[in-house]
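Structure file query.txt; described as compact mmCIF, C-alpha atoms.
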```txt
# COMPACT_ATOMS: atom_id res chain seq x y z
CA MET A 17 40.35 -26.04 23.14
CA LEU A 18 37.48 -27.08 25.42
CA ASP A 19 38.49 -24.69 28.19
CA ILE A 20 38.65 -21.82 25.69
CA LEU A 21 35.24 -22.81 24.33
CA LEU A 22 33.80 -22.93 27.84
CA ALA A 23 35.37 -19.64 28.88
CA SER A 24 34.10 -18.03 25.68
CA LEU A 25 30.57 -19.38 26.20
CA LEU A 26 30.49 -18.25 29.84
CA SER A 27 31.86 -14.74 29.23
CA PRO A 28 29.52 -11.88 30.20
CA VAL A 29 29.38 -10.79 26.57
CA VAL A 30 28.07 -14.10 25.25
CA LEU A 31 25.76 -14.56 28.24
CA ALA A 32 24.30 -11.08 27.63
CA PHE A 33 23.66 -12.15 24.03
CA ALA A 34 21.86 -15.23 25.32
CA LEU A 35 19.85 -13.10 27.74
CA GLY A 36 18.73 -10.85 24.90
CA ALA A 37 17.61 -13.88 22.89
CA LEU A 38 15.82 -15.29 25.94
CA ALA A 39 14.01 -11.98 26.48
CA VAL A 40 12.59 -12.21 22.97
CA ALA A 41 11.70 -15.89 23.41
CA VAL A 42 9.63 -15.20 26.54
CA LYS A 43 8.17 -12.04 24.96
CA SER A 44 9.58 -9.80 27.69
CA ASP A 45 8.85 -6.08 27.47
CA LEU A 46 12.61 -5.43 27.61
CA GLU A 47 13.54 -2.95 24.95
CA ILE A 48 16.86 -1.19 24.30
CA PRO A 49 15.92 2.33 23.18
CA ALA A 50 17.08 3.00 19.61
CA PRO A 51 19.13 6.11 20.55
CA LEU A 52 21.03 4.09 23.19
CA TYR A 53 21.74 1.36 20.67
CA ARG A 54 23.04 3.92 18.20
CA ALA A 55 25.15 5.65 20.85
CA LEU A 56 26.69 2.31 21.87
CA SER A 57 27.55 1.39 18.30
CA ILE A 58 29.20 4.80 17.75
CA TYR A 59 31.15 4.38 21.00
CA LEU A 60 32.33 0.87 20.13
CA LEU A 61 33.39 1.70 16.57
CA LEU A 62 35.23 4.86 17.61
CA ALA A 63 36.91 3.03 20.50
CA ILE A 64 38.17 0.27 18.17
CA GLY A 65 39.44 2.89 15.73
CA LEU A 66 41.25 4.84 18.45
CA LYS A 67 42.86 1.70 19.80
CA GLY A 68 43.99 0.59 16.35
CA GLY A 69 45.33 4.03 15.44
CA THR A 70 47.35 4.28 18.65
CA ALA A 71 48.86 0.86 18.02
CA LEU A 72 49.53 1.71 14.39
CA SER A 73 51.53 4.79 15.43
CA GLU A 74 53.96 2.44 17.18
CA THR A 75 54.14 -0.28 14.54
CA PRO A 76 56.84 -0.32 11.85
CA LEU A 77 55.25 -0.11 8.41
CA GLY A 78 56.95 -3.32 7.24
CA GLU A 79 54.99 -5.36 9.76
CA VAL A 80 51.65 -4.13 8.43
CA VAL A 81 52.15 -4.31 4.68
CA TRP A 82 51.62 -8.05 4.11
CA PRO A 83 48.63 -8.41 6.44
CA VAL A 84 47.07 -5.44 4.62
CA VAL A 85 47.64 -7.05 1.23
CA GLY A 86 46.30 -10.38 2.50
CA THR A 87 43.20 -8.75 3.97
CA VAL A 88 42.29 -6.81 0.85
CA GLY A 89 42.83 -9.97 -1.21
CA LEU A 90 40.53 -11.94 1.08
CA GLY A 91 37.96 -9.15 0.89
CA MET A 92 37.82 -9.52 -2.87
CA LEU A 93 38.01 -13.32 -2.94
CA THR A 94 35.42 -14.31 -0.31
CA PRO A 95 32.39 -12.70 -1.99
CA ILE A 96 33.29 -14.71 -5.10
CA THR A 97 33.60 -18.02 -3.23
CA ALA A 98 30.34 -17.31 -1.39
CA TYR A 99 28.62 -16.44 -4.69
CA ALA A 100 29.91 -19.60 -6.35
CA VAL A 101 28.65 -21.80 -3.48
CA LEU A 102 25.24 -20.11 -3.46
CA ARG A 103 24.80 -20.41 -7.23
CA ARG A 104 26.24 -23.90 -7.77
CA LEU A 105 25.20 -25.74 -4.62
CA GLY A 106 22.29 -23.59 -3.50
CA LYS A 107 20.82 -23.01 -6.98
CA MET A 108 20.04 -19.50 -5.81
CA ASP A 109 19.09 -16.73 -8.23
CA ARG A 110 21.78 -14.19 -9.15
CA THR A 111 20.33 -11.25 -7.30
CA ASN A 112 20.01 -12.95 -3.93
CA ALA A 113 23.32 -14.79 -4.33
CA ALA A 114 25.12 -11.49 -5.02
CA ALA A 115 23.42 -9.83 -2.05
CA LEU A 116 24.47 -12.65 0.27
CA ALA A 117 27.98 -12.67 -1.22
CA ALA A 118 28.41 -9.00 -0.27
CA HIS A 119 27.43 -9.84 3.31
CA TYR A 120 29.63 -12.92 3.67
CA GLY A 121 32.66 -11.23 2.14
CA SER A 122 32.34 -8.23 4.44
CA VAL A 123 33.01 -8.23 8.17
CA SER A 124 31.15 -7.93 11.47
CA ALA A 125 32.90 -5.57 13.88
CA VAL A 126 31.37 -7.23 16.95
CA THR A 127 32.64 -10.66 15.89
CA PHE A 128 36.06 -9.05 15.51
CA ILE A 129 35.93 -7.59 19.04
CA ALA A 130 34.80 -10.91 20.50
CA ALA A 131 37.68 -12.69 18.75
CA VAL A 132 40.21 -10.16 20.07
CA THR A 133 38.90 -10.75 23.60
CA VAL A 134 38.98 -14.53 23.33
CA ALA A 135 42.49 -14.55 21.85
CA ALA A 136 43.78 -12.30 24.64
CA PHE A 137 42.11 -14.54 27.22
CA ALA A 138 43.77 -17.59 25.70
CA GLY A 139 47.18 -15.96 26.16
CA VAL A 140 47.81 -15.29 22.47
CA PRO A 141 46.94 -11.60 22.06
CA SER A 142 46.50 -10.29 18.52
CA GLU A 143 48.37 -7.37 16.95
CA GLY A 144 47.23 -3.90 17.99
CA PHE A 145 46.77 -2.76 14.40
CA MET A 146 44.07 -5.37 13.64
CA PRO A 147 41.26 -2.72 13.59
CA ALA A 148 42.87 -1.24 10.48
CA LEU A 149 42.29 -4.60 8.80
CA VAL A 150 38.60 -4.53 9.80
CA ALA A 151 38.13 -1.27 7.90
CA LEU A 152 39.95 -2.76 4.89
CA LEU A 153 37.92 -5.97 4.92
CA GLU A 154 34.57 -4.23 5.17
CA VAL A 155 34.49 -2.32 1.89
CA PRO A 156 35.89 -4.41 -1.02
CA ALA A 157 33.49 -7.32 -0.54
CA ILE A 158 30.41 -5.13 -0.70
CA ILE A 159 31.69 -3.53 -3.89
CA VAL A 160 32.53 -6.93 -5.44
CA GLY A 161 29.14 -8.35 -4.43
CA LEU A 162 27.27 -5.45 -6.00
CA LEU A 163 29.54 -5.57 -9.08
CA ILE A 164 28.59 -9.20 -9.64
CA ALA A 165 24.92 -8.21 -9.67
CA TYR A 166 25.36 -5.08 -11.77
CA ALA A 167 27.55 -6.82 -14.33
CA ARG A 168 24.64 -9.09 -15.15
CA GLY A 169 21.82 -6.84 -16.17
CA GLU A 170 19.60 -3.95 -15.29
CA ARG A 171 19.09 -3.21 -11.61
CA ALA A 172 16.32 -1.43 -9.72
CA GLY A 173 18.75 0.20 -7.32
CA SER A 174 21.28 2.95 -7.69
CA TRP A 175 24.97 2.10 -8.01
CA GLN A 176 26.07 5.62 -7.03
CA ASP A 177 23.89 5.74 -3.93
CA ALA A 178 25.10 2.29 -2.88
CA MET A 179 28.74 3.30 -3.26
CA LYS A 180 28.10 6.44 -1.24
CA GLU A 181 26.52 4.28 1.46
CA VAL A 182 29.58 1.98 1.50
CA VAL A 183 32.24 4.65 1.60
CA THR A 184 30.55 7.21 3.85
CA GLY A 185 28.67 4.78 6.12
CA GLN A 186 29.06 5.37 9.85
CA SER A 187 31.22 2.30 10.48
CA ILE A 188 33.88 3.36 7.95
CA VAL A 189 33.82 7.00 9.06
CA LEU A 190 34.20 6.04 12.73
CA LEU A 191 36.78 3.28 12.22
CA LEU A 192 39.01 5.26 9.88
CA GLY A 193 38.38 8.55 11.69
CA GLY A 194 39.13 6.96 15.06
CA MET A 195 42.31 5.44 13.66
CA ALA A 196 43.43 8.81 12.33
CA ILE A 197 42.78 10.42 15.72
CA GLY A 198 44.61 7.65 17.60
CA TRP A 199 47.51 7.72 15.16
CA ILE A 200 47.89 11.52 15.34
CA ALA A 201 47.47 11.73 19.12
CA GLY A 202 49.76 8.79 19.87
CA LYS A 203 49.88 6.84 23.11
CA GLU A 204 50.52 9.85 25.33
CA GLY A 205 47.87 12.00 23.71
CA MET A 206 45.31 9.22 24.13
CA ALA A 207 45.95 8.81 27.86
CA PRO A 208 43.28 11.33 29.02
CA VAL A 209 40.46 9.63 27.05
CA GLU A 210 41.61 6.11 27.84
CA PRO A 211 39.50 5.61 30.99
CA PHE A 212 36.36 6.28 28.97
CA PHE A 213 37.21 4.46 25.75
CA VAL A 214 39.23 1.54 27.12
CA GLY A 215 37.91 1.15 30.66
CA GLY A 216 34.26 1.26 29.62
CA PHE A 217 34.67 -0.84 26.50
CA GLN A 218 33.79 -4.33 27.74
CA GLY A 219 30.80 -2.99 29.70
CA ALA A 220 29.43 -1.15 26.69
CA LEU A 221 30.01 -4.26 24.59
CA THR A 222 27.99 -6.35 27.06
CA LEU A 223 25.07 -3.93 26.83
CA PHE A 224 25.36 -3.88 23.05
CA LEU A 225 25.29 -7.68 22.88
CA LEU A 226 22.05 -7.70 24.86
CA GLU A 227 20.42 -5.81 21.99
CA MET A 228 22.21 -8.00 19.43
CA GLY A 229 20.74 -11.08 21.10
CA MET A 230 17.29 -9.60 20.80
CA ALA A 231 17.82 -8.59 17.17
CA ALA A 232 19.19 -12.04 16.27
CA ALA A 233 16.29 -13.83 17.99
CA ARG A 234 13.77 -11.64 16.17
CA ARG A 235 15.40 -12.59 12.86
CA LEU A 236 15.00 -16.27 13.68
CA ARG A 237 11.26 -15.86 13.22
CA ASP A 238 12.02 -15.72 9.50
CA LEU A 239 13.99 -18.96 9.67
CA ARG A 240 11.31 -21.04 8.01
CA SER A 241 11.20 -18.78 4.97
CA VAL A 242 14.95 -18.99 4.31
CA GLY A 243 15.17 -22.77 4.04
CA VAL A 244 17.56 -25.50 5.12
CA PHE A 245 20.26 -24.68 2.57
CA LEU A 246 20.75 -21.14 3.83
CA VAL A 247 20.96 -22.32 7.44
CA ALA A 248 23.70 -24.78 6.48
CA PHE A 249 25.38 -22.10 4.38
CA GLY A 250 25.37 -19.76 7.40
CA ILE A 251 27.43 -22.31 9.34
CA VAL A 252 29.63 -24.01 6.73
CA MET A 253 30.66 -20.90 4.80
CA PRO A 254 32.13 -19.21 7.92
CA LEU A 255 34.12 -22.37 8.70
CA LEU A 256 35.63 -22.42 5.19
CA HIS A 257 36.29 -18.67 5.10
CA GLY A 258 37.59 -18.81 8.68
CA ALA A 259 40.12 -21.52 7.85
CA LEU A 260 41.21 -19.52 4.81
CA GLY A 261 41.61 -16.40 6.96
CA VAL A 262 43.69 -18.21 9.59
CA TRP A 263 45.93 -19.67 6.87
CA VAL A 264 46.44 -16.32 5.10
CA GLY A 265 47.02 -14.67 8.49
CA GLY A 266 49.89 -17.06 9.19
CA LEU A 267 51.31 -16.63 5.67
CA THR A 268 51.39 -12.84 5.97
CA GLY A 269 53.28 -12.95 9.24
CA LEU A 270 50.55 -12.42 11.83
CA SER A 271 50.99 -13.98 15.26
CA VAL A 272 48.87 -16.97 16.33
CA GLY A 273 46.37 -14.61 17.96
CA GLY A 274 46.39 -12.29 14.95
CA ALA A 275 45.77 -15.19 12.56
CA ALA A 276 42.87 -16.42 14.73
CA VAL A 277 41.31 -12.94 14.78
CA LEU A 278 41.76 -12.55 11.01
CA GLY A 279 40.08 -15.96 10.63
CA ALA A 280 37.11 -14.79 12.70
CA MET A 281 36.93 -11.57 10.67
CA VAL A 282 36.91 -13.38 7.35
CA ALA A 283 34.41 -15.92 8.71
CA SER A 284 32.01 -13.24 9.90
CA ALA A 285 29.21 -11.75 7.84
CA SER A 286 28.32 -8.08 7.90
CA TYR A 287 24.88 -7.18 9.24
CA ILE A 288 25.12 -3.39 9.42
CA ALA A 289 27.19 -1.93 6.59
CA ALA A 290 26.34 -4.54 3.95
CA PRO A 291 22.53 -4.56 4.49
CA ALA A 292 22.44 -0.78 4.25
CA ALA A 293 24.39 -0.76 0.98
CA VAL A 294 22.59 -3.77 -0.51
CA ARG A 295 19.17 -2.35 0.32
CA VAL A 296 20.06 0.74 -1.70
CA GLY A 297 21.95 -0.98 -4.52
CA LEU A 298 19.92 -4.20 -4.83
CA PRO A 299 16.45 -3.47 -3.45
CA GLU A 300 15.04 -6.46 -5.35
CA ALA A 301 17.07 -8.90 -3.23
CA ASN A 302 15.17 -10.56 -0.39
CA LEU A 303 16.09 -8.87 2.89
CA ALA A 304 14.90 -11.82 4.96
CA TYR A 305 17.58 -14.04 3.34
CA TYR A 306 20.63 -11.92 4.02
CA LEU A 307 19.68 -10.53 7.41
CA THR A 308 18.49 -13.84 8.80
CA ALA A 309 21.58 -15.67 7.57
CA SER A 310 24.16 -13.11 8.70
CA LEU A 311 22.56 -11.90 11.92
CA GLY A 312 20.40 -14.86 12.94
CA ILE A 313 22.71 -17.75 12.06
CA THR A 314 26.32 -16.80 11.30
CA PHE A 315 26.80 -14.20 14.03
CA PRO A 316 25.65 -16.43 16.93
CA PHE A 317 27.56 -19.38 15.46
CA ASN A 318 30.84 -17.45 15.30
CA LEU A 319 30.32 -15.85 18.68
CA THR A 320 29.83 -19.17 20.47
CA VAL A 321 31.55 -21.97 18.55
CA GLY A 322 33.35 -20.42 15.58
CA ILE A 323 35.89 -18.23 17.34
CA PRO A 324 37.29 -21.02 19.56
CA ILE A 325 37.60 -23.19 16.42
CA TYR A 326 39.56 -20.51 14.51
CA LEU A 327 41.76 -20.02 17.55
CA ALA A 328 42.46 -23.75 17.85
CA LEU A 329 43.23 -23.91 14.13
CA ALA A 330 45.64 -20.96 14.41
CA GLN A 331 47.36 -22.62 17.37
CA TYR A 332 47.61 -25.89 15.44
CA LEU A 333 49.03 -24.22 12.30
CA GLY A 334 51.27 -21.78 14.16
CA GLY A 335 52.40 -24.01 17.01
CA MET B 20 -8.91 34.22 9.18
CA GLN B 21 -7.85 33.75 5.57
CA THR B 22 -7.20 30.12 4.67
CA VAL B 23 -6.18 28.66 1.31
CA PRO B 24 -6.74 25.08 0.09
CA TYR B 25 -3.63 22.95 -0.39
CA ARG B 26 -2.70 19.30 -0.20
CA LEU B 27 -0.85 17.51 2.53
CA VAL B 28 1.27 14.67 1.12
CA THR B 29 2.36 12.06 3.66
CA ILE B 30 4.98 9.46 2.78
CA VAL B 31 5.90 6.68 5.19
CA ALA B 32 9.06 4.93 3.99
CA GLU B 33 11.94 2.71 5.04
CA SER B 34 14.95 4.79 6.01
CA THR B 35 17.10 3.60 3.10
CA VAL B 36 15.15 5.71 0.61
CA ARG B 37 14.85 8.78 2.83
CA ASP B 38 17.47 10.99 1.18
CA ARG B 39 16.35 10.14 -2.33
CA LEU B 40 12.72 10.88 -1.44
CA LEU B 41 13.59 14.23 0.10
CA SER B 42 15.58 15.44 -2.87
CA ALA B 43 12.80 14.26 -5.20
CA ILE B 44 9.96 16.07 -3.42
CA HIS B 45 11.94 19.30 -3.34
CA ARG B 46 12.86 18.93 -6.99
CA LEU B 47 9.17 18.48 -7.83
CA GLY B 48 8.25 21.71 -6.12
CA ALA B 49 7.81 21.24 -2.37
CA THR B 50 9.05 24.28 -0.46
CA GLY B 51 9.54 22.47 2.85
CA HIS B 52 8.86 19.26 4.74
CA THR B 53 8.52 17.82 8.23
CA MET B 54 10.07 14.47 9.04
CA SER B 55 9.75 12.10 11.98
CA GLU B 56 11.00 8.62 12.82
CA VAL B 57 8.16 6.15 13.13
CA ARG B 58 7.52 2.46 13.70
CA GLY B 59 4.83 0.23 12.42
CA GLU B 60 3.81 -2.79 10.42
CA GLY B 61 2.52 -3.32 6.94
CA THR B 62 2.14 -5.87 4.18
CA ARG B 63 5.92 -6.24 4.02
CA GLY B 64 6.02 -7.00 7.73
CA GLY B 65 7.18 -4.97 10.68
CA MET B 66 10.87 -4.39 10.27
CA GLN B 67 11.04 -6.22 6.94
CA GLY B 68 11.60 -3.25 4.73
CA ALA B 69 13.84 -1.31 7.03
CA THR B 70 17.44 -2.05 7.76
CA TRP B 71 17.01 -3.42 11.22
CA GLU B 72 18.77 -0.69 13.09
CA ARG B 73 17.14 2.32 11.51
CA PRO B 74 13.48 3.20 12.03
CA SER B 75 11.22 4.17 9.15
CA VAL B 76 10.51 7.82 8.43
CA LYS B 77 7.30 9.78 7.91
CA ILE B 78 7.73 12.74 5.59
CA GLU B 79 4.96 15.34 5.42
CA THR B 80 4.82 18.21 3.00
CA ILE B 81 2.15 20.77 2.09
CA VAL B 82 2.05 21.51 -1.61
CA THR B 83 -0.23 22.60 -4.47
CA VAL B 84 -2.66 20.08 -5.95
CA ASP B 85 -0.44 19.82 -9.01
CA VAL B 86 2.79 19.16 -7.12
CA ALA B 87 1.02 16.68 -4.84
CA GLU B 88 0.04 14.61 -7.83
CA GLN B 89 3.56 14.68 -9.25
CA ILE B 90 5.04 13.56 -5.95
CA ALA B 91 2.54 10.73 -5.59
CA ASN B 92 3.25 9.56 -9.15
CA HIS B 93 7.00 9.74 -8.61
CA VAL B 94 6.79 7.65 -5.45
CA ALA B 95 4.48 5.12 -7.08
CA GLU B 96 6.71 4.68 -10.12
CA ASN B 97 10.03 4.47 -8.32
CA TYR B 98 9.44 2.86 -4.96
CA PHE B 99 6.28 0.75 -4.77
CA ARG B 100 7.81 -2.30 -6.42
CA HIS B 101 10.76 -3.02 -4.11
CA HIS B 102 10.49 -0.81 -1.06
CA SER B 103 8.29 -0.44 2.00
CA VAL B 104 6.64 2.85 1.09
CA ILE B 105 3.12 4.24 1.38
CA VAL B 106 1.87 7.62 0.28
CA TYR B 107 -1.42 9.41 0.83
CA LEU B 108 -2.90 12.82 0.11
CA GLN B 109 -5.26 14.97 2.14
CA ASP B 110 -6.92 18.30 1.52
CA VAL B 111 -5.86 20.91 4.05
CA GLU B 112 -6.65 24.55 4.73
CA VAL B 113 -3.54 26.57 5.50
CA LEU B 114 -2.73 30.07 6.65
CA ARG B 115 -0.20 32.11 4.68
CA GLY B 116 -0.89 30.19 1.47
CA SER B 117 1.99 31.66 -0.51
CA LYS B 118 4.51 29.80 1.64
CA TYR B 119 3.66 26.49 -0.03
CA ALA B 120 3.53 27.45 -3.70
CA PRO B 121 6.60 26.57 -5.78
CA GLN B 122 8.78 29.59 -6.52
CA ASN B 123 7.88 31.11 -9.84
CA GLU B 124 11.07 30.86 -11.84
CA GLU B 125 10.52 34.00 -13.90
CA ALA B 126 9.84 36.11 -10.84
```

How does the structure come out when it is put into structure tokens?
Amino acid sequence: MLDILLASLLSPVVLAFALGALAVAVKSDLEIPAPLYRALSIYLLLAIGLKGGTALSETPLGEVVWPVVGTVGLGMLTPITAYAVLRRLGKMDRTNAAALAAHYGSVSAVTFIAAVTVAAFAGVPSEGFMPALVALLEVPAIIVGLLIAYARGERAGSWQDAMKEVVTGQSIVLLLGGMAIGWIAGKEGMAPVEPFFVGGFQGALTLFLLEMGMAAARRLRDLRSVGVFLVAFGIVMPLLHGALGVWVGGLTGLSVGGAAVLGAMVASASYIAAPAAVRVGLPEANLAYYLTASLGITFPFNLTVGIPIYLALAQYLGG
Amino acid sequence: MQTVPYRLVTIVAESTVRDRLLSAIHRLGATGHTMSEVRGEGTRGGMQGATWERPSVKIETIVTVDVAEQIANHVAENYFRHHSVIVYLQDVEVLRGSKYAPQNEEA
């Protein structure tokens, strides 16, 4: 496990993340222009979708059914476990607990990509259709999280607008749309665009992680306001959810690499789709809590230490 | 040069409320608007109110005194409590005054 951990820590992607954080720490004038950031995120999401769709077109349906069922189940269960921990152990108010639950049930696409890369590097590649599971894991948790809040009283936000944000948000449109394109075009049809979407992928990801490092470091300025409990929550919750994801992955017939990637997905917290929906649906929830926890604590934790742990666990359970 | 007095309403808001604000100001009688992406800091902090990847927006619209007041009241009632939003009004002199008056529904 140590060699995987080391290789993961010393990969260009993680080092670029560290460089971004360092740039903020030394108050460098480095700035990724917002349009470039947006273009990169569109590229990455579409590329994952295309890759997943192509793989899906070559996968027998029977192989996908149980992982799909397991993923949707996890998507509905993890916001509830997160909510219970926040309410019982954290003594957090309902609104903020529900907001955080939506984030911790949902998924971070970049954590997913990092896990796929690490698993492949370790010699246990994950299934090609995994991106389909990302799209499935993203939505239910946000809906369950908001439901918990809306079921318990009047809300300042708009349920309809929040649902629209969840279902028509750019990540879902690009992931599902990319999968449809990849599935329809098939492996041969995808060949002409492959140099751009596959060959450039890791480079674009490295650039993207530079900005993520800066964004995460900026969030850490709010660390003092979120408190010790939330910092611990941002580390322990992913470990519990990650172990659950690895276990369910094995149960539903995923390979060792697939189970490790599913573990990382379930462990991750959303910091793009969920904040957008929660801001609309639950504007009274404290944004500093959920963004600092998901982006400032959980994302870096998973990227550096978490993923190698889920991989080791999957190898232990599956080997 | 024939100018007519109107009011310029400027709303600076986090991006999450953009679409709702736009439909509201048009419903209340604005006949057009200009929008730009902006950055800044306020009592809710720099990027506090905004989802971190989307910049805030500045929406400007020229309307009658009456509509301006309705828009300002609408924003105050619906957004001041939980969102990063400011609104201010200015008197302006415009050319082609009829452009900015709400359509008369009987006409």

Could the residues of chain A within 8 Å of chain B, counting only C-alpha atoms, be given as a PDB file with C-alpha atoms, keeping the file's coordinate frame, please?
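This is the output file iface-v9.pdb:
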```
ATOM      1  CA  ALA A  50      17.080   3.000  19.610  1.00  0.00           C
ATOM      2  CA  ALA A 231      17.820  -8.590  17.170  1.00  0.00           C
ATOM      3  CA  ILE A 288      25.120  -3.390   9.420  1.00  0.00           C
ATOM      4  CA  PRO A 291      22.530  -4.560   4.490  1.00  0.00           C
ATOM      5  CA  ALA A 292      22.440  -0.780   4.250  1.00  0.00           C
ATOM      6  CA  ARG A 295      19.170  -2.350   0.320  1.00  0.00           C
ATOM      7  CA  VAL A 296      20.060   0.740  -1.700  1.00  0.00           C
ATOM      8  CA  PRO A 299      16.450  -3.470  -3.450  1.00  0.00           C
ATOM      9  CA  GLU A 300      15.040  -6.460  -5.350  1.00  0.00           C
ATOM     10  CA  LEU A 303      16.090  -8.870   2.890  1.00  0.00           C
ATOM     11  CA  ALA A 304      14.900 -11.820   4.960  1.00  0.00           C
TER      12      ALA A 304
END
```

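Contact shell of B:Val31 at 10 Å (all atoms listed in the file; same-chain neighbours under 3 positions omitted): Ser34, Arg37, Met54, Ser55, Glu56, Val57, Arg58, Gly59, Ser75, Val76, Lys77, Ile78, Glu79, Ser103, Val104, Ile105, Val106 and Tyr107 of chain B.
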
Check: Which polymer residues, protein or nucleic acid, are no farther than 10 Å from (45.4, -16.4, 0.8), counting only C-alpha atoms, as a PyMOL selection string?
Finding: chain A and resi 85-87+89-90+93+260-268

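With distances taken over all atoms listed in the file, A:Val134 is the one residue among A:Arg234, A:Val134, A:Ala157, A:Phe217 lying closest to A:Leu21.
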
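Closest to A:Leu298 among A:Tyr99, A:Phe145, A:Phe245, A:Trp175 is A:Trp175, based on all atoms listed in the file.
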
Which residues come within 6 Å of stretch 276-285 of chain A, counting only C-alpha atoms, excluding same-chain residues fewer than 2 positions away, as a PDB file with C-alpha atoms, in the frame of the given file?
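Output file selection-v8.pdb follows:
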```
ATOM      1  CA  HIS A 119      27.430  -9.840   3.310  1.00  0.00           C
ATOM      2  CA  TYR A 120      29.630 -12.920   3.670  1.00  0.00           C
ATOM      3  CA  SER A 122      32.340  -8.230   4.440  1.00  0.00           C
ATOM      4  CA  VAL A 123      33.010  -8.230   8.170  1.00  0.00           C
ATOM      5  CA  SER A 124      31.150  -7.930  11.470  1.00  0.00           C
ATOM      6  CA  PHE A 128      36.060  -9.050  15.510  1.00  0.00           C
ATOM      7  CA  ALA A 131      37.680 -12.690  18.750  1.00  0.00           C
ATOM      8  CA  PRO A 254      32.130 -19.210   7.920  1.00  0.00           C
ATOM      9  CA  HIS A 257      36.290 -18.670   5.100  1.00  0.00           C
ATOM     10  CA  GLY A 258      37.590 -18.810   8.680  1.00  0.00           C
ATOM     11  CA  GLY A 261      41.610 -16.400   6.960  1.00  0.00           C
ATOM     12  CA  VAL A 262      43.690 -18.210   9.590  1.00  0.00           C
ATOM     13  CA  GLY A 273      46.370 -14.610  17.960  1.00  0.00           C
ATOM     14  CA  GLY A 274      46.390 -12.290  14.950  1.00  0.00           C
ATOM     15  CA  SER A 310      24.160 -13.110   8.700  1.00  0.00           C
ATOM     16  CA  ILE A 323      35.890 -18.230  17.340  1.00  0.00           C
ATOM     17  CA  TYR A 326      39.560 -20.510  14.510  1.00  0.00           C
ATOM     18  CA  LEU A 327      41.760 -20.020  17.550  1.00  0.00           C
ATOM     19  CA  ALA A 330      45.640 -20.960  14.410  1.00  0.00           C
TER      20      ALA A 330
END
```

Notebook entry, point to check: With all atoms listed in the file as the atoms that count, which of B:Ile30, B:Ala95, B:Val113, B:Ala120 lies nearest to B:Thr53?
Noted result: B:Ile30

Within 8 Å of (40.1, -5.1, 7.5), all atoms listed in the file: residues as a PDB file with C-alpha atoms, in the frame of the given file?
```
ATOM      1  CA  VAL A  84      47.070  -5.440   4.620  1.00  0.00           C
ATOM      2  CA  THR A  87      43.200  -8.750   3.970  1.00  0.00           C
ATOM      3  CA  VAL A  88      42.290  -6.810   0.850  1.00  0.00           C
ATOM      4  CA  VAL A 123      33.010  -8.230   8.170  1.00  0.00           C
ATOM      5  CA  MET A 146      44.070  -5.370  13.640  1.00  0.00           C
ATOM      6  CA  PRO A 147      41.260  -2.720  13.590  1.00  0.00           C
ATOM      7  CA  ALA A 148      42.870  -1.240  10.480  1.00  0.00           C
ATOM      8  CA  LEU A 149      42.290  -4.600   8.800  1.00  0.00           C
ATOM      9  CA  VAL A 150      38.600  -4.530   9.800  1.00  0.00           C
ATOM     10  CA  ALA A 151      38.130  -1.270   7.900  1.00  0.00           C
ATOM     11  CA  LEU A 152      39.950  -2.760   4.890  1.00  0.00           C
ATOM     12  CA  LEU A 153      37.920  -5.970   4.920  1.00  0.00           C
ATOM     13  CA  GLU A 154      34.570  -4.230   5.170  1.00  0.00           C
ATOM     14  CA  MET A 281      36.930 -11.570  10.670  1.00  0.00           C
TER      15      MET A 281
END
```

Just want the 12 Å neighbourhood of stretch 81-88 of chain B, counted on only C-alpha atoms, with same-chain residues fewer than 2 positions away dropped. Output as a tab-separated table (two decimals) with C-alpha atoms, in the coordinates of the input.
```
chain	number	residue	atom	x	y	z
B	23	VAL	CA	-6.18	28.66	1.31
B	24	PRO	CA	-6.74	25.08	0.09
B	25	TYR	CA	-3.63	22.95	-0.39
B	26	ARG	CA	-2.70	19.30	-0.20
B	27	LEU	CA	-0.85	17.51	2.53
B	28	VAL	CA	1.27	14.67	1.12
B	29	THR	CA	2.36	12.06	3.66
B	30	ILE	CA	4.98	9.46	2.78
B	43	ALA	CA	12.80	14.26	-5.20
B	44	ILE	CA	9.96	16.07	-3.42
B	45	HIS	CA	11.94	19.30	-3.34
B	46	ARG	CA	12.86	18.93	-6.99
B	47	LEU	CA	9.17	18.48	-7.83
B	48	GLY	CA	8.25	21.71	-6.12
B	49	ALA	CA	7.81	21.24	-2.37
B	50	THR	CA	9.05	24.28	-0.46
B	51	GLY	CA	9.54	22.47	2.85
B	52	HIS	CA	8.86	19.26	4.74
B	53	THR	CA	8.52	17.82	8.23
B	78	ILE	CA	7.73	12.74	5.59
B	79	GLU	CA	4.96	15.34	5.42
B	90	ILE	CA	5.04	13.56	-5.95
B	91	ALA	CA	2.54	10.73	-5.59
B	92	ASN	CA	3.25	9.56	-9.15
B	93	HIS	CA	7.00	9.74	-8.61
B	94	VAL	CA	6.79	7.65	-5.45
B	95	ALA	CA	4.48	5.12	-7.08
B	106	VAL	CA	1.87	7.62	0.28
B	107	TYR	CA	-1.42	9.41	0.83
B	108	LEU	CA	-2.90	12.82	0.11
B	109	GLN	CA	-5.26	14.97	2.14
B	110	ASP	CA	-6.92	18.30	1.52
B	111	VAL	CA	-5.86	20.91	4.05
B	112	GLU	CA	-6.65	24.55	4.73
B	113	VAL	CA	-3.54	26.57	5.50
B	114	LEU	CA	-2.73	30.07	6.65
B	115	ARG	CA	-0.20	32.11	4.68
B	116	GLY	CA	-0.89	30.19	1.47
B	117	SER	CA	1.99	31.66	-0.51
B	118	LYS	CA	4.51	29.80	1.64
B	119	TYR	CA	3.66	26.49	-0.03
B	120	ALA	CA	3.53	27.45	-3.70
B	121	PRO	CA	6.60	26.57	-5.78
B	122	GLN	CA	8.78	29.59	-6.52
```
